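One file, protein-v9.pdb, is given below (PDB, C-alpha atoms).
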```
ATOM      1  CA  MET A   1       0.000   0.000   0.000
ATOM      2  CA  ASP A   2       1.403   3.380  -0.907
ATOM      3  CA  ILE A   3       1.953   6.192   1.557
ATOM      4  CA  ALA A   4      -0.985   8.299   0.299
ATOM      5  CA  ARG A   5      -3.481   5.521   1.046
ATOM      6  CA  LYS A   6      -1.958   5.026   4.495
ATOM      7  CA  TYR A   7      -2.493   8.698   5.328
ATOM      8  CA  ALA A   8      -6.026   8.538   3.909
ATOM      9  CA  ARG A   9      -6.895   5.430   5.944
ATOM     10  CA  ALA A  10      -5.487   6.961   9.112
ATOM     11  CA  PHE A  11      -7.465  10.153   8.465
ATOM     12  CA  PHE A  12     -10.605   8.174   7.749
ATOM     13  CA  ALA A  13     -10.157   6.091  10.908
ATOM     14  CA  VAL A  14     -10.055   9.240  13.049
ATOM     15  CA  PHE A  15     -12.257  11.682  11.125
ATOM     16  CA  GLY A  16     -14.405   9.349   8.988
ATOM     17  CA  ASP A  17     -17.624  10.600  10.544
ATOM     18  CA  VAL A  18     -16.765  14.173   9.482
ATOM     19  CA  VAL A  19     -16.736  13.269   5.793
ATOM     20  CA  THR A  20     -20.108  13.886   4.152
ATOM     21  CA  ASP A  21     -21.368  13.868   0.574
ATOM     22  CA  LYS A  22     -20.767  17.616   0.350
ATOM     23  CA  LEU A  23     -17.240  17.382   1.787
ATOM     24  CA  ALA A  24     -16.392  14.532  -0.604
ATOM     25  CA  GLN A  25     -17.616  16.696  -3.481
ATOM     26  CA  ASN A  26     -15.541  19.636  -2.197
ATOM     27  CA  ILE A  27     -12.497  17.367  -1.964
ATOM     28  CA  ASP A  28     -13.042  16.309  -5.590
ATOM     29  CA  GLN A  29     -13.209  19.970  -6.639
ATOM     30  CA  ALA A  30     -10.021  20.742  -4.694
ATOM     31  CA  VAL A  31      -8.272  17.800  -6.357
ATOM     32  CA  GLN A  32      -9.419  19.043  -9.759
ATOM     33  CA  PHE A  33      -8.037  22.506  -8.965
ATOM     34  CA  LEU A  34      -4.677  21.158  -7.778
ATOM     35  CA  SER A  35      -4.445  18.854 -10.782
ATOM     36  CA  THR A  36      -4.884  21.757 -13.193
ATOM     37  CA  HIS A  37      -2.789  24.243 -11.166
ATOM     38  CA  ARG A  38       0.354  22.240 -10.436
ATOM     39  CA  ARG A  39       2.325  25.431  -9.711
ATOM     40  CA  ALA A  40       0.357  25.906  -6.503
ATOM     41  CA  LEU A  41       1.795  22.644  -5.191
ATOM     42  CA  PHE A  42       5.302  23.658  -6.191
ATOM     43  CA  LEU A  43       5.211  26.627  -3.822
ATOM     44  CA  PHE A  44       4.828  24.275  -0.851
ATOM     45  CA  LYS A  45       8.158  22.650  -1.761
ATOM     46  CA  VAL A  46      10.200  25.863  -1.915
ATOM     47  CA  PRO A  47      12.413  25.852   1.197
ATOM     48  CA  VAL A  48      12.926  29.636   1.359
ATOM     49  CA  ILE A  49       9.205  30.263   1.804
ATOM     50  CA  ASP A  50       8.482  30.422   5.524
ATOM     51  CA  ARG A  51       6.315  27.669   7.022
ATOM     52  CA  SER A  52       3.815  30.222   8.354
ATOM     53  CA  VAL A  53       3.216  31.511   4.823
ATOM     54  CA  LYS A  54       2.639  27.957   3.583
ATOM     55  CA  VAL A  55       0.257  27.206   6.454
ATOM     56  CA  ARG A  56      -1.660  30.416   5.729
ATOM     57  CA  GLY A  57      -1.891  29.338   2.088
ATOM     58  CA  LEU A  58      -3.289  25.972   3.166
ATOM     59  CA  GLU A  59      -5.842  27.721   5.401
ATOM     60  CA  GLU A  60      -7.020  29.859   2.497
ATOM     61  CA  PHE A  61      -7.106  26.835   0.202
ATOM     62  CA  CYS A  62      -9.205  24.864   2.701
ATOM     63  CA  ASP A  63     -11.526  27.840   3.195
ATOM     64  CA  ARG A  64     -11.934  28.331  -0.560
ATOM     65  CA  PHE A  65     -13.030  24.718  -1.051
ATOM     66  CA  ALA A  66     -14.799  24.362   2.338
ATOM     67  CA  LEU A  67     -12.629  21.408   3.334
ATOM     68  CA  GLY A  68     -12.840  21.987   7.064
ATOM     69  CA  LYS A  69     -10.310  21.978   9.875
ATOM     70  CA  SER A  70      -9.699  18.216   9.853
ATOM     71  CA  ILE A  71      -8.499  18.217   6.225
ATOM     72  CA  GLN A  72      -6.513  21.373   6.940
ATOM     73  CA  LYS A  73      -4.725  19.627   9.839
ATOM     74  CA  LEU A  74      -3.938  16.681   7.584
ATOM     75  CA  LEU A  75      -2.474  18.945   4.897
ATOM     76  CA  VAL A  76      -0.373  20.791   7.495
ATOM     77  CA  LEU A  77       0.880  17.424   8.748
ATOM     78  CA  LEU A  78       1.841  16.445   5.204
ATOM     79  CA  LEU A  79       3.552  19.809   4.805
ATOM     80  CA  ASP A  80       5.521  19.331   8.035
ATOM     81  CA  GLU A  81       6.526  15.822   6.969
ATOM     82  CA  ARG A  82       7.756  17.252   3.636
ATOM     83  CA  ARG A  83       5.111  15.340   1.716
ATOM     84  CA  SER A  84       3.280  18.201   0.059
ATOM     85  CA  SER A  85       3.672  16.364  -3.241
ATOM     86  CA  LYS A  86       1.163  13.847  -1.843
ATOM     87  CA  PHE A  87      -1.661  16.374  -1.287
ATOM     88  CA  VAL A  88      -3.589  15.325  -4.407
ATOM     89  CA  LEU A  89      -3.062  11.599  -3.878
ATOM     90  CA  VAL A  90      -4.143  11.703  -0.229
ATOM     91  CA  LEU A  91      -7.231  13.812  -0.962
ATOM     92  CA  ARG A  92      -8.158  11.498  -3.838
ATOM     93  CA  ALA A  93      -7.738   8.476  -1.572
ATOM     94  CA  ILE A  94      -9.971  10.017   1.119
ATOM     95  CA  SER A  95     -12.666  10.672  -1.459
ATOM     96  CA  ALA A  96     -12.332   7.114  -2.802
ATOM     97  CA  LEU A  97     -12.601   5.631   0.710
ATOM     98  CA  TYR A  98     -15.751   7.651   1.359
ATOM     99  CA  ARG A  99     -17.312   6.590  -1.936
ATOM    100  CA  LYS A 100     -16.460   2.948  -1.292
ATOM    101  CA  LYS A 101     -17.886   3.061   2.244
ATOM    102  CA  ASN A 102     -21.148   4.593   0.971
ATOM    103  CA  ASN A 103     -21.454   2.611  -2.296
ATOM    104  CA  MET A 104     -21.147   5.821  -4.260
ATOM    105  CA  VAL A 105     -19.931   6.310  -7.826
ATOM    106  CA  ALA A 106     -17.924   9.426  -8.682
ATOM    107  CA  ILE A 107     -18.848  10.722 -12.126
ATOM    108  CA  THR A 108     -16.962  13.441 -13.919
ATOM    109  CA  VAL A 109     -18.681  15.432 -16.638
ATOM    110  CA  ALA A 110     -16.300  17.341 -18.877
ATOM    111  CA  SER A 111     -17.723  19.744 -21.423
ATOM    112  CA  SER A 112     -16.327  22.324 -23.785
ATOM    113  CA  TYR A 113     -18.536  25.013 -22.219
ATOM    114  CA  THR A 114     -20.411  25.683 -18.987
ATOM    115  CA  LEU A 115     -23.496  23.489 -18.814
ATOM    116  CA  THR A 116     -26.890  24.889 -17.876
ATOM    117  CA  ASP A 117     -28.915  23.384 -15.036
ATOM    118  CA  GLU A 118     -31.238  21.792 -17.575
ATOM    119  CA  GLN A 119     -28.317  20.160 -19.419
ATOM    120  CA  ARG A 120     -26.883  18.884 -16.124
ATOM    121  CA  ALA A 121     -30.276  17.405 -15.207
ATOM    122  CA  THR A 122     -30.452  15.652 -18.586
ATOM    123  CA  ILE A 123     -26.972  14.169 -18.129
ATOM    124  CA  GLU A 124     -27.792  13.053 -14.576
ATOM    125  CA  ALA A 125     -31.020  11.390 -15.803
ATOM    126  CA  PHE A 126     -29.025   9.667 -18.561
ATOM    127  CA  MET A 127     -26.509   8.370 -16.003
ATOM    128  CA  ALA A 128     -29.271   7.212 -13.645
ATOM    129  CA  GLN A 129     -30.358   4.810 -16.400
ATOM    130  CA  ARG A 130     -26.801   3.545 -16.948
ATOM    131  CA  ILE A 131     -25.331   3.239 -13.442
ATOM    132  CA  ALA A 132     -27.150   2.097 -10.325
ATOM    133  CA  GLY A 133     -26.527   3.474  -6.857
ATOM    134  CA  LYS A 134     -25.673   6.821  -5.398
ATOM    135  CA  LYS A 135     -23.703   9.200  -7.607
ATOM    136  CA  SER A 136     -21.606  12.302  -7.049
ATOM    137  CA  TYR A 137     -20.968  14.593  -9.997
ATOM    138  CA  THR A 138     -17.990  16.808 -10.724
ATOM    139  CA  TYR A 139     -18.315  19.210 -13.648
ATOM    140  CA  THR A 140     -15.242  20.472 -15.486
ATOM    141  CA  ILE A 141     -14.567  22.467 -18.637
ATOM    142  CA  ASP A 142     -12.308  20.947 -21.294
ATOM    143  CA  PRO A 143     -12.050  23.129 -24.417
ATOM    144  CA  ALA A 144     -10.279  20.271 -26.241
ATOM    145  CA  LEU A 145     -13.619  18.468 -26.570
ATOM    146  CA  ILE A 146     -14.689  20.925 -29.281
ATOM    147  CA  ALA A 147     -18.437  21.400 -28.739
ATOM    148  CA  GLY A 148     -19.049  18.243 -26.814
ATOM    149  CA  VAL A 149     -19.430  16.344 -23.560
ATOM    150  CA  ARG A 150     -17.502  13.468 -21.952
ATOM    151  CA  VAL A 151     -18.989  11.594 -19.002
ATOM    152  CA  TYR A 152     -16.809   9.108 -17.141
ATOM    153  CA  SER A 153     -16.289   7.244 -13.897
ATOM    154  CA  ASP A 154     -13.943   4.467 -12.836
ATOM    155  CA  THR A 155     -15.866   1.950 -14.956
ATOM    156  CA  PHE A 156     -17.808   4.003 -17.513
ATOM    157  CA  LEU A 157     -16.961   6.307 -20.422
ATOM    158  CA  TRP A 158     -19.345   8.057 -22.787
ATOM    159  CA  GLU A 159     -18.399  10.895 -25.121
ATOM    160  CA  LEU A 160     -20.183  12.901 -27.774
ATOM    161  CA  SER A 161     -17.965  15.589 -29.250
ATOM    162  CA  VAL A 162     -16.383  16.837 -32.422
ATOM    163  CA  ALA A 163     -13.011  15.790 -30.965
ATOM    164  CA  LYS A 164     -14.242  12.179 -30.719
ATOM    165  CA  GLN A 165     -15.532  12.247 -34.271
ATOM    166  CA  LEU A 166     -12.161  13.558 -35.464
ATOM    167  CA  ARG A 167     -10.343  10.822 -33.488
ATOM    168  CA  ASP A 168     -12.630   8.184 -34.976
ATOM    169  CA  LEU A 169     -11.942   9.496 -38.489
ATOM    170  CA  TYR A 170      -8.209   9.580 -37.834
ATOM    171  CA  TYR A 171      -8.106   5.991 -36.562
ATOM    172  CA  SER A 172     -10.339   4.733 -39.360
ATOM    173  CA  ALA A 173      -7.962   6.308 -41.890
ATOM    174  CA  ILE A 174      -4.942   4.618 -40.275
ATOM    175  CA  TRP A 175      -6.502   1.144 -40.222
TER     176      TRP A 175
END
```

Show me, as structure tokens, the structure contained in the file I just sent.
Amino acid sequence: MDIARKYARAFFAVFGDVVTDKLAQNIDQAVQFLSTHRRALFLFKVPVIDRSVKVRGLEEFCDRFALGKSIQKLLVLLLDERRSSKFVLVLRAISALYRKKNNMVAITVASSYTLTDEQRATIEAFMAQRIAGKKSYTYTIDPALIAGVRVYSDTFLWELSVAKQLRDLYYSAIW
């Protein structure tokens, strides 16, 4: 078992009752932010930046994504142990543990533009027919889709976009 899962299991053993559907969704959004803004993580590794500045940055990050004091304490611990590179992996593992405990499926919906509430409802109704159980949705914008939508989870992928049509044409021309 890797170190990130060990931290996540230890966190979950102590603070598991604090994690709710909303917090799990906030964790997923924070992970998405950190995954797309890798420079933010780099600043936590710079040794000349004072620890108090890094801790203040973590406080603001946790406030921005409503992660709560327990997650903040975990991130400070990782910072103090010089494991800030594990922030994303640990947060992802916590979210995965919560989903597994509650039989929940995490679904990511990537689109080339911001979806309206009506479009989100249509996608969620579509997914309700395809996947049973409780679902949590994370919506992201991916301009590379070119006027389309990609819906995926750990076991499911569905895409309707110009980018997919171009890929299909490309691969059909090769073969």

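Our summary of the geometry notes that CA of Asp50 in chain A is positioned 28.0 Å from CA of Arg5 in chain A.
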
(request) Step by step, work through what the PyMOL selection byres ((chain A and resi 107) around 12) selects in the shown file, and finish by giving those residues as a PyMOL selection string. (result) chain A and resi 25+28+96+99+104-106+108-110+123-124+127-128+130-131+133-140+150-158

(message) Considering only C-alpha atoms, can you say which of A:Tyr170, A:Phe61, A:Leu97, A:Ala132 comes closest to Ala13 in chain A?
(response)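 Using only C-alpha atoms, the shortest distance to Ala13 in chain A belongs to A:Leu97.
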
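Of note, CA of Ser161 in chain A and CA of Ser112 in chain A are spaced 8.8 Å apart.
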
(request) Rank nothing, just name the residue among A:Ala40, A:Val31, A:Arg51, A:Leu91 nearest to Leu74 in chain A, using only C-alpha atoms. (result)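 Closest residue, counting only C-alpha atoms: A:Leu91.
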
(message) Using all atoms listed in the file, which protein or nucleic acid residues come within 12 Å of Leu43 in chain A? Drop anything in the same chain fewer than 3 positions from it, and give the result as a list in words.
(response)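 So the residues in contact are Leu34, His37, Arg38, Arg39, Ala40, Val46, Pro47, Val48, Ile49, Asp50, Arg51, Val53, Lys54, Val55, Gly57, Leu58, Leu79, Ser84 and Ser85 of chain A.
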
(request) Identify all residues satisfying the PyMOL selection byres ((chain A and resi 18) around 12) in the given file; provide them as number ranges by chain. (result) A: 11-17, 19-24, 67-71, 94, 98

Got a sec to resolve the PyMOL selection byres ((chain A and resi 86) around 12) on this structure and send the residues as a PDB file with C-alpha atoms, in the frame of the given file?
```
ATOM      1  CA  ASP A   2       1.403   3.380  -0.907  1.00  0.00           C
ATOM      2  CA  ILE A   3       1.953   6.192   1.557  1.00  0.00           C
ATOM      3  CA  ALA A   4      -0.985   8.299   0.299  1.00  0.00           C
ATOM      4  CA  ARG A   5      -3.481   5.521   1.046  1.00  0.00           C
ATOM      5  CA  LYS A   6      -1.958   5.026   4.495  1.00  0.00           C
ATOM      6  CA  TYR A   7      -2.493   8.698   5.328  1.00  0.00           C
ATOM      7  CA  ALA A   8      -6.026   8.538   3.909  1.00  0.00           C
ATOM      8  CA  VAL A  31      -8.272  17.800  -6.357  1.00  0.00           C
ATOM      9  CA  LEU A  34      -4.677  21.158  -7.778  1.00  0.00           C
ATOM     10  CA  SER A  35      -4.445  18.854 -10.782  1.00  0.00           C
ATOM     11  CA  LEU A  41       1.795  22.644  -5.191  1.00  0.00           C
ATOM     12  CA  PHE A  42       5.302  23.658  -6.191  1.00  0.00           C
ATOM     13  CA  PHE A  44       4.828  24.275  -0.851  1.00  0.00           C
ATOM     14  CA  LYS A  45       8.158  22.650  -1.761  1.00  0.00           C
ATOM     15  CA  LEU A  74      -3.938  16.681   7.584  1.00  0.00           C
ATOM     16  CA  LEU A  75      -2.474  18.945   4.897  1.00  0.00           C
ATOM     17  CA  VAL A  76      -0.373  20.791   7.495  1.00  0.00           C
ATOM     18  CA  LEU A  77       0.880  17.424   8.748  1.00  0.00           C
ATOM     19  CA  LEU A  78       1.841  16.445   5.204  1.00  0.00           C
ATOM     20  CA  LEU A  79       3.552  19.809   4.805  1.00  0.00           C
ATOM     21  CA  GLU A  81       6.526  15.822   6.969  1.00  0.00           C
ATOM     22  CA  ARG A  82       7.756  17.252   3.636  1.00  0.00           C
ATOM     23  CA  ARG A  83       5.111  15.340   1.716  1.00  0.00           C
ATOM     24  CA  SER A  84       3.280  18.201   0.059  1.00  0.00           C
ATOM     25  CA  SER A  85       3.672  16.364  -3.241  1.00  0.00           C
ATOM     26  CA  PHE A  87      -1.661  16.374  -1.287  1.00  0.00           C
ATOM     27  CA  VAL A  88      -3.589  15.325  -4.407  1.00  0.00           C
ATOM     28  CA  LEU A  89      -3.062  11.599  -3.878  1.00  0.00           C
ATOM     29  CA  VAL A  90      -4.143  11.703  -0.229  1.00  0.00           C
ATOM     30  CA  LEU A  91      -7.231  13.812  -0.962  1.00  0.00           C
ATOM     31  CA  ARG A  92      -8.158  11.498  -3.838  1.00  0.00           C
ATOM     32  CA  ALA A  93      -7.738   8.476  -1.572  1.00  0.00           C
TER      33      ALA A  93
END
```

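Pairwise distance (CA of Thr116 in chain A, CA of Gln29 in chain A) equals 18.4 Å.
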
4 Å per side around range 114-119 of chain A: axis-aligned box centre and edge lengths, as AutoDock Vina command-line options:
```
--center_x -25.8 --center_y 22.9 --center_z -17.2 --size_x 18.8 --size_y 13.5 --size_z 12.4
```

(request) Counting only C-alpha atoms, figure out which residue out of A:Leu169, A:Cys62, A:Leu115, A:Ile27 gets nearest to Ile141 in chain A. (result)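 Counting only C-alpha atoms, the residue closest to Ile141 in chain A is A:Leu115.
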
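When all atoms listed in the file are used to measure the gap to Ser111 in chain A, the shortest distance among A:Ala163, A:Thr36, A:Phe65, A:Gln129 belongs to A:Ala163.
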